[in-house]
$ cat run32.cif   # mmCIF, C-alpha atoms
data_coords
loop_
_atom_site.label_atom_id
_atom_site.label_comp_id
_atom_site.auth_asym_id
_atom_site.auth_seq_id
_atom_site.Cartn_x
_atom_site.Cartn_y
_atom_site.Cartn_z
CA MET F 1 65.62 95.70 157.19
CA LEU F 2 63.97 95.51 153.80
CA PRO F 3 65.27 93.03 151.22
CA SER F 4 67.58 94.24 148.46
CA LEU F 5 65.66 95.81 145.61
CA PRO F 6 66.22 94.76 141.99
CA VAL F 7 66.91 98.20 140.47
CA ALA F 8 67.07 98.35 136.68
CA ASP F 9 69.98 100.07 134.96
CA SER F 10 69.95 103.86 134.94
CA VAL F 11 72.15 106.90 134.76
CA ALA F 12 72.70 106.73 138.53
CA PRO F 13 74.64 103.83 140.05
CA ALA F 14 72.38 101.03 141.33
CA HIS F 15 73.12 101.70 145.01
CA VAL F 16 72.16 105.38 144.61
CA MET F 17 68.94 104.47 142.80
CA GLU F 18 68.09 101.87 145.45
CA ARG F 19 68.55 104.42 148.26
CA ALA F 20 66.35 106.93 146.42
CA ILE F 21 63.60 104.36 145.88
CA ARG F 22 63.75 103.33 149.55
CA ARG F 23 63.58 106.96 150.69
CA VAL F 24 60.49 107.59 148.56
CA GLY F 25 58.80 104.40 149.75
CA LEU F 26 59.58 105.05 153.41
CA LEU F 27 59.05 108.81 153.66
CA ALA F 28 57.35 110.42 150.70
CA ASP F 29 53.74 110.90 149.72
CA GLY F 30 54.64 110.68 146.05
CA TRP F 31 57.26 110.34 143.36
CA MET F 32 58.01 112.46 140.31
CA SER F 33 60.17 111.45 137.40
CA ASP F 34 60.94 112.60 133.90
CA ASN F 35 62.31 110.97 130.78
CA THR F 36 61.84 107.55 132.26
CA PRO F 37 60.90 104.76 129.84
CA VAL F 38 57.48 103.26 130.57
CA THR F 39 58.88 99.88 131.61
CA ARG F 40 61.35 101.49 134.03
CA PHE F 41 58.63 103.81 135.38
CA ARG F 42 56.42 100.77 136.12
CA GLU F 43 59.30 98.87 137.77
CA ARG F 44 60.35 101.77 139.97
CA TRP F 45 56.80 102.67 140.99
CA GLN F 46 56.14 99.03 141.94
CA LEU F 47 59.37 98.97 143.99
CA ILE F 48 58.44 102.21 145.76
CA ARG F 49 55.03 100.79 146.61
CA GLN F 50 56.62 97.51 147.77
CA VAL F 51 58.91 99.41 150.15
CA ALA F 52 55.96 101.44 151.47
CA ARG F 53 53.80 98.33 151.91
CA GLU F 54 56.59 96.44 153.74
CA ALA F 55 57.03 99.46 156.02
CA GLY F 56 53.32 99.34 156.87
CA ARG F 57 52.48 102.56 155.03
CA SER F 58 49.15 103.16 153.33
CA LEU F 59 49.38 103.18 149.54
CA GLU F 60 46.02 104.91 149.05
CA SER F 61 47.29 108.47 149.06
CA MET F 62 50.62 107.89 147.30
CA GLU F 63 50.93 109.71 143.97
CA SER F 64 53.26 109.18 141.04
CA SER F 65 53.87 111.81 138.42
CA LEU F 66 55.77 112.08 135.19
CA HIS F 67 57.04 115.25 133.54
CA LEU F 68 56.47 114.72 129.82
CA MET F 69 57.35 117.07 126.97
CA VAL F 70 54.55 117.42 124.39
CA ASN F 71 54.20 118.74 120.85
CA ILE F 72 50.80 118.28 119.21
CA ASN F 73 50.87 118.47 115.44
CA ASP F 74 49.05 116.35 112.87
CA ASP F 75 52.40 115.97 111.09
CA ARG F 76 54.46 113.80 113.42
CA SER F 77 57.76 114.69 111.75
CA THR F 78 57.09 118.42 112.04
CA ALA F 79 56.18 117.99 115.73
CA PHE F 80 59.44 116.16 116.39
CA GLU F 81 61.66 118.60 114.49
CA GLU F 82 60.12 121.62 116.23
CA SER F 83 60.60 119.92 119.59
CA VAL F 84 64.26 119.17 118.89
CA LYS F 85 64.94 122.80 117.95
CA PHE F 86 62.95 124.11 120.92
CA LEU F 87 64.53 121.83 123.53
CA GLN F 88 68.06 122.21 122.21
CA THR F 89 67.59 125.98 122.31
CA TYR F 90 65.94 126.01 125.75
CA TYR F 91 68.22 123.49 127.46
CA SER F 92 71.32 122.73 125.43
CA PRO F 93 72.41 121.83 121.91
CA ALA F 94 73.97 118.77 123.55
CA MET F 95 70.54 117.17 124.04
CA THR F 96 70.49 114.25 121.63
CA ARG F 97 67.59 113.48 119.33
CA GLU F 98 67.28 110.06 121.04
CA TYR F 99 67.04 111.65 124.49
CA ILE F 100 64.43 114.11 123.25
CA GLU F 101 62.38 111.42 121.52
CA SER F 102 62.20 109.33 124.69
CA TRP F 103 61.03 112.37 126.71
CA LEU F 104 58.48 113.53 124.16
CA ALA F 105 54.85 112.76 123.36
CA TYR F 106 54.45 114.14 119.86
CA GLY F 107 52.39 114.07 116.72
CA PRO F 108 48.62 113.92 116.31
CA PRO F 109 46.46 114.02 119.45
CA THR F 110 45.97 110.24 119.40
CA ALA F 111 49.74 109.66 119.48
CA VAL F 112 50.09 112.04 122.43
CA VAL F 113 47.21 110.36 124.28
CA ASP F 114 48.69 106.92 123.56
CA LYS F 115 52.00 107.88 125.20
CA ILE F 116 50.21 109.38 128.20
CA ALA F 117 48.04 106.24 128.42
CA ALA F 118 51.11 103.99 128.54
CA TYR F 119 52.33 105.84 131.64
CA VAL F 120 48.89 105.83 133.25
CA GLN F 121 48.76 102.05 132.71
CA ALA F 122 52.21 101.86 134.36
CA GLY F 123 50.80 103.58 137.46
CA CYS F 124 51.24 107.30 136.78
CA THR F 125 48.58 109.22 138.70
CA THR F 126 49.56 112.69 137.46
CA PRO F 127 51.05 113.22 134.01
CA ILE F 128 52.59 116.71 133.84
CA LEU F 129 52.63 118.09 130.32
CA ARG F 130 55.04 120.77 129.14
CA PHE F 131 54.92 122.03 125.58
CA ALA F 132 58.06 121.75 123.46
CA SER F 133 57.01 124.49 121.06
CA TRP F 134 57.36 128.21 120.58
CA ASP F 135 53.57 128.39 120.17
CA GLN F 136 52.69 127.73 123.81
CA LYS F 137 49.17 129.18 123.53
CA GLY F 138 48.43 127.18 120.40
CA GLN F 139 49.69 123.99 122.03
CA LEU F 140 47.60 124.66 125.14
CA ALA F 141 44.47 125.24 123.06
CA ARG F 142 45.14 122.04 121.11
CA ALA F 143 45.80 120.07 124.30
CA VAL F 144 42.59 121.30 125.95
CA ALA F 145 40.49 120.58 122.86
CA ASP F 146 42.10 117.44 121.44
CA VAL F 147 44.12 115.67 124.15
CA MET F 148 42.64 116.40 127.57
CA PRO F 149 39.18 114.85 127.03
CA ALA F 150 40.75 111.48 126.19
CA ALA F 151 43.54 111.84 128.77
CA LEU F 152 41.08 112.64 131.57
CA ALA F 153 39.14 109.48 130.73
CA LEU F 154 42.21 107.28 131.29
CA ARG F 155 42.13 105.05 134.35
CA ARG F 156 44.99 103.36 136.14
CA PRO F 157 44.74 99.60 136.57
CA ALA F 158 43.41 98.47 139.95
#
$ encode --input "run32.cif" --output "structure tokens"
Amino acid sequence: MLPSLPVADSVAPAHVMERAIRRVGLLADGWMSDNTPVTRFRERWQLIRQVAREAGRSLESMESSLHLMVNINDDRSTAFEESVKFLQTYYSPAMTREYIESWLAYGPPTAVVDKIAAYVQAGCTTPILRFASWDQKGQLARAVADVMPAALALRRPA
């Protein structure tokens, strides 16, 4: 039996979160999350890896991914406002601005790369970017030209 895991607060009750983390560590080849603060992402990924290590599993092939909303615009305020309108239209008007802001990498390319970099430093092996904009093609072109070169150069800590 593995020791009790210190699971940080979340939307799910602690015992549910602990079971999910154990299941990933014991059975899965990876973990995917979204709208998880960087600190919590790091804590949970470390716990998953701890469970896997204590179960004698190899950590080499384990992946961690994060689904991150993105809006690239040199005007940070414009990027945020467009994202709010887009996400509230796509999902629900009930999505709060605070919830959206925590899920969103937005503003100039450097701001977007900085948010991606924080997750990579926390152990994310595969950031998954989804554009929170009606101009999907424009966002993709901007991401390929202005974000991806820097994002692809990011390295996880050893």
$ resolve_selection --input "run32.cif" --expression "the PyMOL selection byres ((chain F and resi 141-147) around 12)" --output "ChimeraX atom specification"
/F:70-74,105-117,129-131,135-140,148-154
$ residues_around --input "run32.cif" --residues "region 80-87 of chain F" --least-positions-apart "5" --cutoff "8 Å" --atoms "only C-alpha atoms" --output "list in words"
Asn71, Ser92, Met95, Arg97, Ile100, Glu101, Tyr106, Gly107, Ala132, Ser133 and Trp134 of chain F
$ resolve_selection --input "run32.cif" --expression "the PyMOL selection byres ((chain F and resi 125) around 6)" --output "ChimeraX atom specification"
/F:63-65,124,126
$ closest_residue --input "run32.cif" --among "F:Trp45, F:Asn35, F:Arg155, F:Tyr91" --to "Trp103 (chain F)" --atoms "all atoms listed in the file"
F:Asn35
$ atom_distance --input "run32.cif" --atom1 "CA of Pro127 (chain F)" --atom2 "CA of Met32 (chain F)"
9.4 Å
$ atom_distance --input "run32.cif" --atom1 "CA of Ala20 (chain F)" --atom2 "CA of Pro37 (chain F)"
17.6 Å
$ resolve_selection --input "run32.cif" --expression "the PyMOL selection byres ((chain F and resi 30) around 12)" --output "ChimeraX atom specification"
/F:21,23-29,31-33,45,48-49,52,58-66,123-126
$ closest_residue --input "run32.cif" --among "F:Ala55, F:Ala122, F:Ala94, F:Met69" --to "Arg40 (chain F)" --atoms "all atoms listed in the file"
F:Ala122
$ atom_distance --input "run32.cif" --atom1 "CA of His67 (chain F)" --atom2 "CA of Leu104 (chain F)"
9.6 Å
$ decode --input "run32.cif" --residues "region 24-36 of chain F" --atoms "N, CA and C atoms" --output "mmCIF file, in the first residue's frame"
data_model
loop_
_atom_site.group_PDB
_atom_site.id
_atom_site.type_symbol
_atom_site.label_atom_id
_atom_site.label_comp_id
_atom_site.auth_asym_id
_atom_site.auth_seq_id
_atom_site.Cartn_x
_atom_site.Cartn_y
_atom_site.Cartn_z
ATOM 1 N N VAL F 24 -3.517 7.194 -12.264
ATOM 2 C CA VAL F 24 -2.589 7.637 -13.311
ATOM 3 C C VAL F 24 -1.200 7.077 -13.039
ATOM 4 N N GLY F 25 -0.722 7.219 -11.811
ATOM 5 C CA GLY F 25 0.621 6.748 -11.478
ATOM 6 C C GLY F 25 0.786 5.247 -11.616
ATOM 7 N N LEU F 26 -0.264 4.498 -11.307
ATOM 8 C CA LEU F 26 -0.182 3.037 -11.353
ATOM 9 C C LEU F 26 -0.444 2.443 -12.737
ATOM 10 N N LEU F 27 -1.275 3.099 -13.547
ATOM 11 C CA LEU F 27 -1.749 2.467 -14.776
ATOM 12 C C LEU F 27 -1.460 3.221 -16.069
ATOM 13 N N ALA F 28 -1.375 4.512 -16.021
ATOM 14 C CA ALA F 28 -1.356 5.304 -17.250
ATOM 15 C C ALA F 28 0.048 5.540 -17.790
ATOM 16 N N ASP F 29 0.083 5.892 -19.064
ATOM 17 C CA ASP F 29 1.357 6.278 -19.669
ATOM 18 C C ASP F 29 1.471 7.788 -19.752
ATOM 19 N N GLY F 30 0.475 8.502 -19.231
ATOM 20 C CA GLY F 30 0.520 9.946 -19.235
ATOM 21 C C GLY F 30 -0.654 10.546 -18.493
ATOM 22 N N TRP F 31 -0.639 11.865 -18.438
ATOM 23 C CA TRP F 31 -1.650 12.619 -17.709
ATOM 24 C C TRP F 31 -1.938 13.887 -18.487
ATOM 25 N N MET F 32 -3.207 14.235 -18.612
ATOM 26 C CA MET F 32 -3.591 15.474 -19.280
ATOM 27 C C MET F 32 -4.495 16.265 -18.355
ATOM 28 N N SER F 33 -4.241 17.553 -18.296
ATOM 29 C CA SER F 33 -5.024 18.435 -17.452
ATOM 30 C C SER F 33 -5.339 19.709 -18.224
ATOM 31 N N ASP F 34 -6.255 20.484 -17.697
ATOM 32 C CA ASP F 34 -6.483 21.815 -18.234
ATOM 33 C C ASP F 34 -6.841 22.751 -17.090
ATOM 34 N N ASN F 35 -6.666 24.009 -17.322
ATOM 35 C CA ASN F 35 -6.936 25.048 -16.330
ATOM 36 C C ASN F 35 -6.469 24.653 -14.935
ATOM 37 N N THR F 36 -5.240 24.238 -14.873
ATOM 38 C CA THR F 36 -4.606 23.868 -13.615
ATOM 39 C C THR F 36 -3.489 24.869 -13.350
#
